[in-house]
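Novice: First the structure, which I've put down as C-alpha cells, then a few questions once you've had a look.
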Amino acid sequence: MGEDMKRYECAPISVIIPCYKSYQTISRAISSVWEQTIRPIEVIVVDDFSNDNKTTNVLKELADLYPVGWIQIVELSINKGPGNARNIAWDKASQPYIAFLDADDSWHPYKIEIQYKWMEANPEVYMTGHAFTQYKDQKSIIQVRPEEYTKFYEVNSKKLLLSNVFSTPSVMLKREIPIRFESEKKYSEDYLLWLEINLSGYQCWRIDLPLTFLHKSAYGESGLSGNLIEMQKGELETYSKIKRKKLISMFELVIYKTVSCAKFLIRYLRS
C-alpha cells in the first residue's frame, strides 16, 4: 500500500475518528477513507479508553496494514466521550482541513473529491456537510459524476437553529476555526459546535447528496433509542448554552425549544 499512497492524488485533510470498543466496525470505516478517489493525507483514530484488548489489537493491525504514518493512533487513559476525543485529534491534526467520521459509519468513494474540491473553489466557506443514507447493500452507493455535481446551498442560522442538518460524519471544516466541541457534553455536543460556528459568522454550506453511509439507525436500531430522551435533553441544553453566550435572544430561545419539543413528541409517538 505504500507505493499506492505515493502515486495517488491526495488532499490536505486530517480525518478524525473517535473509537470506543469499535473493533468490529473500525476497519470498514478506515477502508472507506482509503478507497476515496482523492485520499486524505492522514487519519487520526482516538481510542477513547476502550480498555479492551480486541480494540487495541485491531487498531495496531490496521496501522501496520496501511502506509507508515497514515494512521495515527491516540490512546486516552480515561473515557470522556466523542467530543473530547475529536478535540484532541483536532489539536493534533497537521492538515488545513478536517473531516469527521464515526467508527461505525463509512463514506461514499467520491465524498472527499466532491467536498474538498468545492471548498477549495469557495475559500470563504469554512464548513460543509452533506446528506447521509442508511447503508443496506451495494445499491445504497449512488452513481455520481463529481465534475457535474452542483447542488450546494448555504445553511443560514435560522435553518440550522430549526434543525441540525449536519450529521457529524458528513462534516468537513477548516482546522483554523478556533471553536471546539464542549468536552464534557455527552449529547448534542456536535449540534452545539455547528451552531457556535454558524452564529459566529462562519459560512456553512450543505451538499444535497448522500455521501455518508450510516450502518445504524440515526435514532437507534429500534426507532426510539434508549438514549433518545437524553438526546432531547442535550438539544434543549444546547439552545440554552447559545443563549447564555448571547448568540440568540430569549424570544428565539423559546421558539426553538418549542419547535424542538414538538418534533421530539412526533418522533416519540411514531416509535
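Letters A, B, ... go to the chains of the C-alpha cells in the order shown; residues in each chain start at 1; ligands are counted from 1 in the same order.
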Would you pick out the contacts of Thr212 (chain A) at 10 Å or less, using only C-alpha atoms, so that residues sharing its chain but fewer than 3 positions from it are not included, and give the list as a list of chain:residue names?
Specialist: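 Near Thr212 (chain A), the qualifying residues are A:Ser32, A:Leu101, A:Asp105, A:Ser106, A:Trp107, A:His108, A:Pro109, A:Lys111, A:Gly129, A:His130, A:Ala131, A:Phe132, A:Thr133, A:Gln134, A:Tyr135, A:Ile141, A:Ser167, A:Thr168, A:Pro169, A:Ser170, A:Val171, A:Leu209, A:His215.
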Novice: Mind the document's chain letters and residue numbers, and return as a ChimeraX atom specification the residues of region 20-252 of chain A that DSSP labels alpha helix (DSSP H).
Specialist: /A:26-34,53-65,82-92,111-121,157-162,189-199,228-244,250-252
Novice: Go ahead and compute the interatomic distance for CA of Asp102 (chain A) and CA of Leu247 (chain A), in Å to one decimal.
Specialist: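 Pair CA of Asp102 (chain A) / CA of Leu247 (chain A) returns 28.6 Å.
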Novice: Tell me, as a list in words, which residues lie within 12 Å of Lys159 (chain A), counting only C-alpha atoms; anything in the same chain fewer than 4 positions away does not count.
Specialist: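 Here the answer would be Tyr153, Glu154, Val155, Ser163, Asn164, Val165, Phe166, Trp194, Leu195, Asn198, Leu199, Cys204, Trp205, Arg206 and Tyr256 of chain A.
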Novice: Point out the residue among A:Lys92, A:Lys158, A:Lys246, A:Lys257 with the least atom-to-atom distance to Glu42 (chain A), counting only C-alpha atoms.
Specialist: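 Among the listed residues, A:Lys92 lies closest to Glu42 (chain A).
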Novice: So which bits of region 22-269 of chain A end up strand (DSSP E) when you DSSP the backbone, as a VMD selection string?
Specialist: chain A and resid 39 to 47 71 to 75 97 to 100 105 to 107 125 to 134 152 to 154 172 to 174 203 to 214
Novice: Using only C-alpha atoms, find the one residue out of A:Val33, A:Lys80, A:Leu65, A:Tyr8 that sits nearest to Glu184 (chain A).
Specialist: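 Ranking A:Val33, A:Lys80, A:Leu65, A:Tyr8 by distance to Glu184 (chain A), first place goes to A:Lys80.
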Novice: Which one is closest to Ala29 (chain A): A:Phe213, A:Tyr110, A:Tyr268, A:Trp90? Count only C-alpha atoms.
Specialist: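 Closest to Ala29 (chain A), using only C-alpha atoms: A:Phe213.
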Novice: Report the distance between CA of Val125 (chain A) and CA of Ser260 (chain A) in Å, rounded to one decimal place.
Specialist: 27.4 Å
Novice: Find the residues around Arg39 (chain A) up to 7 Å (only C-alpha atoms counted), leave out those fewer than 5 positions away in its own chain, and share them as a PyMOL selection string.
Specialist: chain A and resi 9-11+33-34
